[in-house]
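Visitor: Please find target.txt (compact mmCIF, C-alpha atoms and all ligand atoms) on the next line:
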```txt
# COMPACT_ATOMS: atom_id res chain seq x y z
CA MET A 1 0.00 0.00 0.00
CA ALA A 2 1.48 3.37 -1.04
CA VAL A 3 0.32 6.89 -1.80
CA LEU A 4 1.25 8.50 -5.11
CA VAL A 5 1.91 12.22 -4.61
CA THR A 6 2.04 14.00 -7.96
CA GLY A 7 3.93 17.30 -7.78
CA GLY A 8 5.56 16.18 -4.54
CA ALA A 9 8.79 18.01 -5.39
CA GLY A 10 6.86 21.28 -5.35
CA TYR A 11 5.90 23.57 -2.51
CA ILE A 12 2.66 22.14 -1.12
CA GLY A 13 3.33 18.61 -2.37
CA SER A 14 6.65 18.38 -0.53
CA HIS A 15 5.05 19.49 2.75
CA THR A 16 2.25 16.96 2.32
CA ALA A 17 4.73 14.21 1.43
CA LEU A 18 6.56 15.10 4.66
CA ALA A 19 3.34 14.91 6.69
CA LEU A 20 2.55 11.51 5.17
CA CYS A 21 6.09 10.17 5.74
CA ASP A 22 6.00 11.53 9.31
CA ARG A 23 3.18 9.17 10.10
CA GLY A 24 4.78 6.21 8.40
CA GLU A 25 2.99 6.15 5.05
CA LYS A 26 4.84 4.79 2.04
CA VAL A 27 5.05 7.71 -0.40
CA VAL A 28 5.97 7.73 -4.08
CA VAL A 29 6.44 11.18 -5.62
CA LEU A 30 5.91 11.66 -9.35
CA ASP A 31 7.20 15.02 -10.53
CA ASP A 32 8.62 16.31 -13.82
CA LEU A 33 10.70 18.92 -11.92
CA SER A 34 9.33 21.67 -14.17
CA SER A 35 8.89 23.88 -11.13
CA GLY A 36 9.89 21.54 -8.32
CA PHE A 37 13.28 20.40 -6.99
CA ASP A 38 14.51 16.87 -6.43
CA TRP A 39 16.10 17.86 -3.09
CA ALA A 40 12.70 19.07 -1.84
CA VAL A 41 11.32 15.51 -1.79
CA PRO A 42 11.52 14.11 1.76
CA PRO A 43 14.28 11.49 2.13
CA ALA A 44 11.76 8.86 3.20
CA ALA A 45 9.78 9.21 -0.05
CA GLU A 46 10.77 7.80 -3.41
CA LEU A 47 11.04 10.27 -6.29
CA VAL A 48 10.19 9.24 -9.84
CA VAL A 49 10.88 11.94 -12.42
CA GLY A 50 8.20 12.00 -15.08
CA ASP A 51 4.94 13.44 -16.32
CA VAL A 52 1.53 12.65 -14.82
CA SER A 53 0.13 12.19 -18.32
CA ASP A 54 2.68 9.48 -19.18
CA GLN A 55 0.23 6.60 -18.88
CA ALA A 56 2.80 3.84 -19.31
CA LEU A 57 4.93 5.27 -16.51
CA VAL A 58 2.01 5.87 -14.15
CA SER A 59 0.66 2.37 -14.85
CA GLN A 60 4.04 0.90 -13.99
CA LEU A 61 4.23 2.92 -10.76
CA ILE A 62 0.76 1.89 -9.64
CA VAL A 63 1.50 -1.78 -10.18
CA GLU A 64 5.08 -1.81 -8.85
CA HIS A 65 4.38 0.17 -5.70
CA GLY A 66 0.85 -1.01 -4.99
CA ILE A 67 -0.55 2.52 -5.15
CA THR A 68 -3.88 2.78 -3.33
CA GLU A 69 -4.44 6.56 -3.37
CA ILE A 70 -3.35 9.52 -5.43
CA VAL A 71 -2.84 13.03 -4.08
CA HIS A 72 -2.73 15.15 -7.21
CA PHE A 73 -0.82 18.43 -6.85
CA ALA A 74 1.02 18.56 -10.19
CA ALA A 75 -0.13 21.62 -12.13
CA ARG A 76 0.76 25.02 -13.47
CA ILE A 77 -0.21 27.51 -10.79
CA LEU A 78 0.16 31.16 -11.81
CA VAL A 79 -2.93 33.27 -12.47
CA GLN A 80 -1.19 35.94 -14.53
CA GLU A 81 0.72 33.40 -16.65
CA SER A 82 -2.57 31.61 -17.38
CA VAL A 83 -4.04 34.79 -18.79
CA GLY A 84 -1.14 35.09 -21.26
CA ASP A 85 -0.85 31.38 -22.10
CA PRO A 86 -4.23 29.72 -21.49
CA LEU A 87 -3.56 26.60 -23.56
CA ARG A 88 -0.58 25.76 -21.37
CA TYR A 89 -2.96 25.73 -18.40
CA TYR A 90 -5.70 23.71 -20.08
CA LEU A 91 -3.08 21.14 -21.09
CA GLY A 92 -1.12 21.08 -17.83
CA ASN A 93 -4.08 21.19 -15.49
CA THR A 94 -7.10 19.79 -17.31
CA VAL A 95 -5.90 17.47 -20.06
CA LYS A 96 -3.17 15.90 -17.92
CA THR A 97 -5.56 15.40 -15.03
CA ARG A 98 -7.84 13.55 -17.43
CA ALA A 99 -4.97 11.26 -18.46
CA LEU A 100 -4.06 10.59 -14.82
CA LEU A 101 -7.66 9.76 -13.95
CA GLU A 102 -7.91 7.34 -16.85
CA THR A 103 -4.76 5.54 -15.77
CA ALA A 104 -5.88 5.41 -12.14
CA LEU A 105 -9.24 3.91 -13.05
CA ALA A 106 -7.68 1.37 -15.41
CA HIS A 107 -5.74 0.01 -12.42
CA GLY A 108 -8.55 0.22 -9.89
CA VAL A 109 -7.14 3.17 -7.94
CA THR A 110 -10.34 4.84 -6.87
CA ARG A 111 -9.32 7.25 -4.10
CA LEU A 112 -8.01 10.66 -5.08
CA ILE A 113 -7.38 14.01 -3.43
CA PHE A 114 -7.32 16.96 -5.78
CA SER A 115 -5.69 20.40 -5.38
CA SER A 116 -8.23 22.94 -6.44
CA THR A 117 -8.24 26.62 -5.76
CA ALA A 118 -10.14 29.63 -4.51
CA ALA A 119 -9.75 30.90 -8.08
CA VAL A 120 -12.79 28.79 -9.07
CA TYR A 121 -15.00 31.37 -7.31
CA GLY A 122 -13.85 34.32 -9.40
CA GLU A 123 -14.95 37.77 -8.23
CA ALA A 124 -16.56 37.00 -4.86
CA GLN A 125 -20.15 38.12 -4.40
CA VAL A 126 -19.95 37.72 -0.62
CA GLU A 127 -17.27 38.66 1.89
CA ILE A 128 -16.72 35.09 3.09
CA ILE A 129 -17.17 32.49 0.34
CA PRO A 130 -18.99 29.24 1.22
CA GLU A 131 -18.43 26.12 -0.89
CA ASP A 132 -21.90 26.32 -2.41
CA GLN A 133 -21.25 29.78 -3.81
CA PRO A 134 -21.69 29.53 -7.61
CA THR A 135 -18.33 29.06 -9.29
CA ALA A 136 -17.40 31.76 -11.82
CA PRO A 137 -13.65 31.82 -12.40
CA ILE A 138 -12.28 34.96 -14.05
CA ASN A 139 -9.00 33.52 -15.33
CA PRO A 140 -7.91 30.44 -17.32
CA TYR A 141 -6.12 29.01 -14.28
CA GLY A 142 -9.37 28.92 -12.29
CA ARG A 143 -11.28 27.52 -15.25
CA SER A 144 -8.67 24.81 -15.87
CA LYS A 145 -9.09 23.66 -12.26
CA LEU A 146 -12.88 23.92 -12.27
CA MET A 147 -13.03 21.69 -15.35
CA SER A 148 -11.01 19.11 -13.44
CA GLU A 149 -13.44 19.33 -10.54
CA TRP A 150 -16.29 18.63 -12.97
CA MET A 151 -14.39 15.69 -14.43
CA LEU A 152 -13.93 14.20 -10.97
CA ALA A 153 -17.62 14.51 -10.18
CA ASP A 154 -18.61 12.89 -13.49
CA VAL A 155 -16.10 10.07 -13.12
CA ALA A 156 -17.26 9.51 -9.54
CA ARG A 157 -20.84 9.07 -10.75
CA ALA A 158 -19.86 6.79 -13.65
CA HIS A 159 -17.07 4.71 -12.12
CA GLY A 160 -17.30 5.02 -8.35
CA LEU A 161 -14.24 7.24 -7.89
CA ALA A 162 -13.99 8.50 -4.30
CA TYR A 163 -12.51 11.98 -4.00
CA VAL A 164 -11.88 15.00 -1.86
CA VAL A 165 -11.41 18.30 -3.67
CA LEU A 166 -9.59 20.85 -1.54
CA ARG A 167 -9.98 24.44 -2.70
CA TYR A 168 -6.93 26.12 -1.24
CA PHE A 169 -6.86 29.79 -0.54
CA ASN A 170 -3.41 31.47 -0.50
CA VAL A 171 -0.79 29.11 0.78
CA ALA A 172 2.25 30.52 2.58
CA GLY A 173 4.83 29.78 5.27
CA ALA A 174 7.13 26.79 5.71
CA ASP A 175 7.54 23.65 7.76
CA PRO A 176 7.96 24.87 11.39
CA ALA A 177 10.93 22.50 11.80
CA GLY A 178 12.63 24.04 8.74
CA ARG A 179 12.67 20.82 6.70
CA ALA A 180 10.75 22.31 3.76
CA GLY A 181 9.59 25.65 2.42
CA GLU A 182 8.65 27.57 -0.69
CA THR A 183 11.41 27.52 -3.31
CA ARG A 184 10.87 29.16 -6.69
CA ARG A 185 13.07 29.83 -9.68
CA VAL A 186 11.21 33.15 -9.92
CA ALA A 187 9.00 34.00 -6.94
CA THR A 188 5.60 35.61 -7.51
CA HIS A 189 3.58 34.80 -4.38
CA LEU A 190 3.21 37.77 -2.08
CA VAL A 191 4.49 36.34 1.22
CA LYS A 192 7.44 34.73 -0.57
CA VAL A 193 8.24 37.91 -2.52
CA ALA A 194 8.06 40.09 0.59
CA SER A 195 10.18 37.58 2.54
CA GLU A 196 12.78 37.70 -0.22
CA ALA A 197 12.75 41.50 -0.04
CA ALA A 198 13.23 41.38 3.74
CA SER A 199 16.11 38.93 3.26
CA GLY A 200 17.85 41.11 0.66
CA VAL A 201 17.27 38.64 -2.19
CA ARG A 202 15.31 41.30 -4.09
CA PRO A 203 15.33 45.09 -3.80
CA GLY A 204 11.70 45.53 -2.69
CA VAL A 205 8.05 44.72 -3.25
CA GLU A 206 5.63 46.02 -5.82
CA ILE A 207 1.96 46.24 -4.77
CA PHE A 208 -0.21 45.38 -7.75
CA GLY A 209 -3.32 47.51 -7.59
CA THR A 210 -4.38 50.13 -5.05
CA ASP A 211 -7.82 50.92 -6.49
CA TYR A 212 -9.71 47.73 -5.61
CA PRO A 213 -13.00 48.10 -3.71
CA THR A 214 -11.38 46.90 -0.45
CA ARG A 215 -10.60 48.56 2.89
CA ASP A 216 -7.25 49.97 1.71
CA GLY A 217 -7.52 49.54 -2.08
CA SER A 218 -5.23 46.48 -2.30
CA CYS A 219 -6.42 42.89 -2.82
CA ILE A 220 -7.52 40.76 0.11
CA ARG A 221 -6.59 37.08 0.45
CA ASP A 222 -6.99 34.33 3.05
CA TYR A 223 -3.43 33.16 3.84
CA VAL A 224 -3.21 29.57 5.07
CA HIS A 225 -0.11 27.95 6.57
CA VAL A 226 1.29 25.24 4.30
CA SER A 227 1.72 22.77 7.17
CA ASP A 228 -1.93 23.15 8.20
CA LEU A 229 -2.80 22.51 4.57
CA ALA A 230 -0.63 19.39 4.57
CA SER A 231 -2.50 18.07 7.60
CA ALA A 232 -5.80 18.70 5.79
CA HIS A 233 -4.62 16.25 3.12
CA VAL A 234 -3.80 13.63 5.71
CA ALA A 235 -7.29 14.10 7.18
CA ALA A 236 -8.82 13.81 3.69
CA LEU A 237 -6.95 10.57 3.10
CA ASP A 238 -8.27 9.12 6.36
CA HIS A 239 -11.77 10.22 5.38
CA LEU A 240 -11.58 8.37 2.06
CA ARG A 241 -10.06 5.26 3.62
CA ALA A 242 -12.94 5.18 6.09
CA GLY A 243 -15.36 5.12 3.15
CA GLY A 244 -16.42 8.76 3.58
CA ALA A 245 -18.48 10.66 1.03
CA ASN A 246 -17.03 12.69 -1.81
CA LEU A 247 -16.34 16.22 -0.65
CA THR A 248 -15.44 19.62 -2.04
CA LEU A 249 -14.01 21.79 0.72
CA ASN A 250 -12.48 25.21 1.15
CA CYS A 251 -9.11 25.19 2.79
CA GLY A 252 -8.50 28.55 4.38
CA TYR A 253 -8.94 30.24 7.74
CA GLY A 254 -11.96 32.41 6.97
CA ARG A 255 -10.21 35.77 7.45
CA GLY A 256 -8.50 38.04 4.97
CA PHE A 257 -5.48 40.33 4.89
CA SER A 258 -4.83 43.02 2.30
CA VAL A 259 -1.61 43.13 0.31
CA LYS A 260 -0.60 46.24 2.26
CA GLU A 261 -1.28 44.51 5.58
CA VAL A 262 0.83 41.50 4.57
CA VAL A 263 3.72 43.74 3.55
CA ASP A 264 3.49 45.56 6.91
CA VAL A 265 3.55 42.26 8.84
CA VAL A 266 6.63 41.07 6.91
CA LYS A 267 8.35 44.38 7.68
CA ARG A 268 7.43 44.16 11.35
CA VAL A 269 8.40 40.52 11.87
CA SER A 270 11.68 40.86 9.93
CA GLY A 271 12.53 44.31 11.26
CA VAL A 272 13.52 45.33 7.71
CA ASP A 273 11.94 48.39 6.11
CA PHE A 274 12.36 47.33 2.45
CA PRO A 275 11.18 49.63 -0.38
CA VAL A 276 7.57 49.28 -1.59
CA LYS A 277 6.32 50.53 -4.94
CA LEU A 278 2.63 51.09 -5.67
CA SER A 279 1.81 49.78 -9.17
CA GLY A 280 -1.15 49.04 -11.42
CA ARG A 281 -3.32 45.92 -11.24
CA ARG A 282 -1.99 42.50 -12.28
CA ALA A 283 -4.03 40.63 -14.90
CA GLY A 284 -6.57 38.12 -13.59
CA ASP A 285 -6.61 39.15 -9.91
CA PRO A 286 -9.97 39.19 -8.13
CA ALA A 287 -10.32 41.87 -5.42
CA CYS A 288 -11.09 39.61 -2.49
CA LEU A 289 -10.90 35.87 -1.77
CA VAL A 290 -11.70 34.68 1.73
CA GLY A 291 -13.17 31.24 2.29
CA ALA A 292 -15.75 30.03 4.76
CA ALA A 293 -13.74 27.65 6.92
CA ASP A 294 -16.26 25.66 8.90
CA ARG A 295 -17.19 22.80 6.56
CA ILE A 296 -13.71 21.28 6.43
CA ARG A 297 -13.54 21.33 10.23
CA THR A 298 -16.85 19.52 10.52
CA GLU A 299 -16.31 17.03 7.70
CA LEU A 300 -12.66 16.15 8.24
CA GLY A 301 -12.12 17.19 11.85
CA TRP A 302 -9.33 19.47 10.59
CA THR A 303 -7.95 21.64 13.36
CA PRO A 304 -5.45 24.21 12.13
CA GLN A 305 -2.48 24.73 14.44
CA LEU A 306 -0.83 27.70 12.74
CA ASP A 307 -3.62 30.18 12.00
CA ASP A 308 -1.61 33.33 12.60
CA LEU A 309 -0.13 35.59 9.92
CA GLU A 310 2.92 36.50 12.01
CA THR A 311 3.71 32.81 12.47
CA ILE A 312 3.29 32.19 8.75
CA VAL A 313 5.64 35.07 7.99
CA ARG A 314 8.16 33.99 10.63
CA HIS A 315 8.34 30.52 9.11
CA ALA A 316 8.61 31.97 5.57
CA LEU A 317 11.50 34.19 6.71
CA GLY A 318 13.17 31.25 8.42
CA TRP A 319 13.04 29.32 5.16
CA GLU A 320 14.69 32.23 3.31
CA GLU A 321 17.57 32.02 5.81
CA ARG A 322 17.93 28.29 5.15
CA LEU A 323 17.84 28.84 1.40
CA ALA A 324 20.53 31.51 1.69
CA SER A 325 22.88 29.20 3.60
CA ARG A 326 22.04 26.31 1.27
CA ASN A 327 22.78 28.43 -1.82
CA ALA A 328 26.02 29.62 -0.25
CA ARG A 329 27.00 25.96 0.26
CA VAL A 330 26.00 24.97 -3.30
CA LYS A 331 28.05 27.85 -4.76
N1 LIG B 1 0.46 27.87 -3.95
C1 LIG B 1 -0.80 28.26 -3.74
O1 LIG B 1 -1.06 29.28 -3.09
C2 LIG B 1 -1.94 27.43 -4.29
C3 LIG B 1 -3.23 27.87 -4.05
C4 LIG B 1 -4.29 27.13 -4.57
C5 LIG B 1 -4.07 25.95 -5.23
N2 LIG B 1 -2.80 25.53 -5.45
C6 LIG B 1 -2.60 24.26 -6.15
O2 LIG B 1 -1.75 23.44 -5.37
C7 LIG B 1 -0.97 22.60 -6.20
C8 LIG B 1 0.49 22.72 -5.83
O3 LIG B 1 0.89 24.07 -5.90
P1 LIG B 1 2.36 24.53 -5.47
O4 LIG B 1 2.27 25.93 -4.99
O5 LIG B 1 2.96 23.50 -4.60
O6 LIG B 1 3.06 24.54 -6.89
P2 LIG B 1 4.53 24.03 -7.31
O7 LIG B 1 4.78 24.60 -8.67
O8 LIG B 1 5.51 24.32 -6.24
O9 LIG B 1 4.33 22.47 -7.39
C9 LIG B 1 3.80 21.82 -8.51
C10 LIG B 1 4.70 20.62 -8.78
O10 LIG B 1 4.15 19.87 -9.85
C11 LIG B 1 5.20 19.51 -10.76
N3 LIG B 1 4.53 19.33 -12.05
C12 LIG B 1 3.90 20.25 -12.81
N4 LIG B 1 3.38 19.68 -13.90
C13 LIG B 1 3.69 18.34 -13.85
C14 LIG B 1 3.41 17.24 -14.68
N5 LIG B 1 2.71 17.37 -15.81
N6 LIG B 1 3.87 16.02 -14.31
C15 LIG B 1 4.58 15.87 -13.17
N7 LIG B 1 4.87 16.90 -12.33
C16 LIG B 1 4.43 18.12 -12.67
C17 LIG B 1 6.17 20.66 -10.69
O11 LIG B 1 7.49 20.31 -11.08
C18 LIG B 1 6.11 21.01 -9.20
O12 LIG B 1 7.04 20.27 -8.44
C19 LIG B 1 -1.28 23.01 -7.64
O13 LIG B 1 -2.22 22.12 -8.17
C20 LIG B 1 -1.89 24.40 -7.48
O14 LIG B 1 -2.79 24.69 -8.51
C21 LIG B 1 -1.72 26.24 -5.00
O1 LIG B 2 4.79 40.90 -5.73
C1 LIG B 2 3.56 40.82 -5.52
C2 LIG B 2 2.90 39.59 -5.52
C3 LIG B 2 1.53 39.57 -5.32
N1 LIG B 2 0.85 40.72 -5.11
C4 LIG B 2 -0.61 40.68 -4.90
O2 LIG B 2 -0.85 39.83 -3.79
C5 LIG B 2 -2.08 39.15 -3.96
C6 LIG B 2 -1.81 37.65 -3.84
O3 LIG B 2 -1.05 37.26 -4.99
P1 LIG B 2 -0.24 35.89 -5.08
O4 LIG B 2 0.50 35.68 -3.81
O5 LIG B 2 0.53 35.90 -6.35
O6 LIG B 2 -1.38 34.78 -5.11
P2 LIG B 2 -2.69 34.68 -6.04
O7 LIG B 2 -2.52 35.35 -7.34
O8 LIG B 2 -3.87 35.10 -5.19
O9 LIG B 2 -2.75 33.13 -6.35
C7 LIG B 2 -2.38 32.13 -5.42
O10 LIG B 2 -3.50 31.81 -4.64
C8 LIG B 2 -4.58 31.28 -5.40
C9 LIG B 2 -5.72 30.99 -4.43
O11 LIG B 2 -6.30 32.19 -3.99
C10 LIG B 2 -4.10 30.00 -6.08
O12 LIG B 2 -5.11 29.44 -6.81
C11 LIG B 2 -2.91 30.29 -6.99
O13 LIG B 2 -2.43 29.05 -7.52
C12 LIG B 2 -1.84 30.92 -6.19
O14 LIG B 2 -0.79 31.31 -7.08
C13 LIG B 2 -2.61 39.55 -5.33
O15 LIG B 2 -3.51 40.61 -5.16
C14 LIG B 2 -1.39 40.09 -6.05
O16 LIG B 2 -1.66 41.08 -7.02
C15 LIG B 2 1.49 41.95 -5.11
O17 LIG B 2 0.87 43.00 -4.95
N2 LIG B 2 2.84 41.96 -5.30
```
How would this structure read if it were set down as structure tokens?
Ligand SMILES: NC(=O)c1ccc[n+]([C@@H]2O[C@H](COP(=O)([O-])OP(=O)(O)OC[C@H]3O[C@@H](n4cnc5c(N)ncnc54)[C@H](O)[C@@H]3O)[C@@H](O)[C@H]2O)c1
Ligand SMILES: O=c1ccn([C@@H]2O[C@H](COP(=O)(O)OP(=O)(O)O[C@H]3O[C@H](CO)[C@@H](O)[C@H](O)[C@H]3O)[C@@H](O)[C@H]2O)c(=O)[nH]1
Guide:
Amino acid sequence: MAVLVTGGAGYIGSHTALALCDRGEKVVVLDDLSSGFDWAVPPAAELVVGDVSDQALVSQLIVEHGITEIVHFAARILVQESVGDPLRYYLGNTVKTRALLETALAHGVTRLIFSSTAAVYGEAQVEIIPEDQPTAPINPYGRSKLMSEWMLADVARAHGLAYVVLRYFNVAGADPAGRAGETRRVATHLVKVASEAASGVRPGVEIFGTDYPTRDGSCIRDYVHVSDLASAHVAALDHLRAGGANLTLNCGYGRGFSVKEVVDVVKRVSGVDFPVKLSGRRAGDPACLVGAADRIRTELGWTPQLDDLETIVRHALGWEERLASRNARVK
């Protein structure tokens, strides 16, 4: 019995692989390393380098390792990039998910956890978004993920697939023990970017958009600690193994911070007053995304341990320090 973690060399996948290994699960990571790093895979997991749509490879992995569940993270993840190159997103996120599903079903793997996103909601009509809010994504990234959600629901009805869809809000922070964190060839996520600025890796932070209809004109997001998110996946796996119902759940804390507030917290926690430039809006960004957070607690018994922006930022800054010493060693 083993769990296949696609995208497990990436940010959220590597933290979830760690959480699974920590409790003694056998973990096989499948990752093409297009945005992930081989060294990010926990030592206790096995890394196979390849593409999730390579059906011969995935078939071989399922049979060889006795895969019983798939946690599917592998995807392209950037909203702005999806606006400029939509077909890349429909291929990477929708078409390849279809191929993976087909392979899984062909081998009788019928339990799957899927990384979806708050981007499926689009421009929120309510301050706190419940799961039954109509989906109306405003960018190709969100649409590519929503199509995958629909595929899962259809396949569940037709072939008995059991799934949990987790709609993550904005993921940030790093493993509290410093074993993993967010590593990017080019960082774009706000907490990561601001942590890099505080660490001197970049000159400063640009705030994209100050004319949104929010309390200070900058966008509002629900920032969730990556290790809490990892534990939500473990809880989802237990739910499926116990024969639980198919679920689509928000994964956030139910409270939002503006871009300006996040930047201020990073400055305060780091003690570094890095330069900030006010700029125009970035393509594809909704004004506000904050998720109702009660259903996942009720359904999965998920109890976040790290719901605190300062803690998230402290862990993100700690990871930057580790990366700096690691890069110094590698050079
Ligand atoms: N980071 C966030 O804030 C956030 C929020 C909502 C949803 N998500 C979703 O969570 C998942 C993971 O995001 P992340 O931030 O860890 O991204 P990431 O880029 O760090 O990780 C994705 C991993 O998937 C791998 N990958 C991509 N395409 C692949 C393919 N075809 N075959 C094999 N491996 C492939 C990449 O090399 C990378 O290691 C994604 O599905 C993303 O859409 C992320
Ligand atoms: O240098 C920066 C980076 C970001 N932002 C703003 O900060 C907010 C958050 O942006 P970012 O951290 O890039 O995350 P999102 O674009 O909200 O997208 C993330 O969060 C979504 C869920 O809400 C996921 O679906 C996506 O995969 C993930 O990239 C947005 O308003 C950005 O315009 C800035 O102002 N300056």
Visitor: Please report, as CSV, each residue of chain A lying at most 7 Å from ligand LIG 1 (chain B), together with the nearest pair of atoms and the separation in Å rounded to one decimal; use all atoms listed in the file, and order rows by chain and ascending residue number.
Guide:
```
residue,atom,partner,partner_atom,distance
A:Thr6,CA,B:LIG1,N7,6.0
A:Gly7,CA,B:LIG1,O10,3.3
A:Gly8,CA,B:LIG1,O12,5.8
A:Ala9,CA,B:LIG1,O12,4.2
A:Gly10,CA,B:LIG1,O12,3.3
A:Tyr11,CA,B:LIG1,O5,3.6
A:Ile12,CA,B:LIG1,O5,3.7
A:Gly13,CA,B:LIG1,O5,5.4
A:Leu30,CA,B:LIG1,C15,5.8
A:Asp31,CA,B:LIG1,N7,3.5
A:Asp32,CA,B:LIG1,N7,4.1
A:Leu33,CA,B:LIG1,O11,3.6
A:Ser34,CA,B:LIG1,O11,3.8
A:Ser35,CA,B:LIG1,O11,3.8
A:Gly36,CA,B:LIG1,O12,3.1
A:Phe37,CA,B:LIG1,O12,6.4
A:Gly50,CA,B:LIG1,C15,5.6
A:Asp51,CA,B:LIG1,N6,3.4
A:Val52,CA,B:LIG1,N6,4.1
A:Ser53,CA,B:LIG1,N5,6.3
A:Phe73,CA,B:LIG1,O13,4.2
A:Ala74,CA,B:LIG1,O10,3.4
A:Ala75,CA,B:LIG1,C12,4.3
A:Arg76,CA,B:LIG1,C12,5.7
A:Ile77,CA,B:LIG1,O14,4.5
A:Gly92,CA,B:LIG1,N5,5.7
A:Lys96,CA,B:LIG1,N5,6.4
A:Ser115,CA,B:LIG1,O13,4.8
A:Ser116,CA,B:LIG1,C5,5.3
A:Thr117,CA,B:LIG1,C4,4.2
A:Ala118,CA,B:LIG1,C4,6.4
A:Arg167,CA,B:LIG1,C4,6.6
A:Tyr168,CA,B:LIG1,C4,4.4
A:Phe169,CA,B:LIG1,C3,5.4
A:Asn170,CA,B:LIG1,O1,4.1
A:Val171,CA,B:LIG1,O1,3.9
A:Ala172,CA,B:LIG1,O1,6.7
```
Visitor: Atom CA of Arg221 of chain A and atom CA of Pro140 of chain A, how far apart in Å?
Guide: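 Atom-to-atom, atom CA of Pro140 of chain A and atom CA of Arg221 of chain A are spaced 19.0 Å apart.
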Visitor: Could you tell me how far atom CA of Ile113 of chain A lies from atom CA of Thr94 of chain A, in Å and to one decimal?
Guide: 15.0 Å
Visitor: Write out, as a tab-separated table, each residue of chain A that has an atom at most 6 Å from ligand LIG 2 (chain B), together with the closest pair of atoms and their distance in Å to one decimal, counting all atoms listed in the file, rows going by chain and rising number.
Guide:
```
residue	atom	partner	partner_atom	distance
A:Ile77	CA	B:LIG2	O13	4.2
A:Leu78	CA	B:LIG2	O14	4.8
A:Val79	CA	B:LIG2	O7	5.6
A:Thr117	CA	B:LIG2	O12	4.3
A:Ala118	CA	B:LIG2	C9	4.6
A:Ala119	CA	B:LIG2	O12	5.0
A:Tyr168	CA	B:LIG2	C9	5.9
A:Phe169	CA	B:LIG2	C9	4.2
A:Asn170	CA	B:LIG2	O10	4.2
A:Thr188	CA	B:LIG2	C2	5.2
A:His189	CA	B:LIG2	O4	3.3
A:Leu190	CA	B:LIG2	O4	3.8
A:Val193	CA	B:LIG2	O1	5.6
A:Val205	CA	B:LIG2	O1	5.6
A:Glu206	CA	B:LIG2	N2	5.0
A:Ile207	CA	B:LIG2	O17	3.4
A:Phe208	CA	B:LIG2	O17	3.8
A:Cys219	CA	B:LIG2	O15	4.4
A:Val259	CA	B:LIG2	O2	5.3
A:Arg282	CA	B:LIG2	O16	5.5
A:Asp285	CA	B:LIG2	O15	5.9
```
Visitor: Quote the spacing between atom CA of Glu131 of chain A and atom CA of Asp154 of chain A in Å to one decimal place.
Guide: 18.3 Å
Visitor: Each side padded by 5 Å, which centre and which edge lengths in Å (one decimal) define the axis-aligned box around the listed atoms of segment 29-43 of chain A? Give them as AutoDock Vina command-line options.
Guide:
```
--center_x 11.0 --center_y 17.5 --center_z -6.0 --size_x 20.2 --size_y 22.7 --size_z 26.3
```
Visitor: Identify, on the basis of all atoms listed in the file, every residue whose closest approach to His233 of chain A does not exceed 7 Å; exclude the query and any residue fewer than 4 positions from it along the same chain; express the result as a count of residues only.
Guide: 3
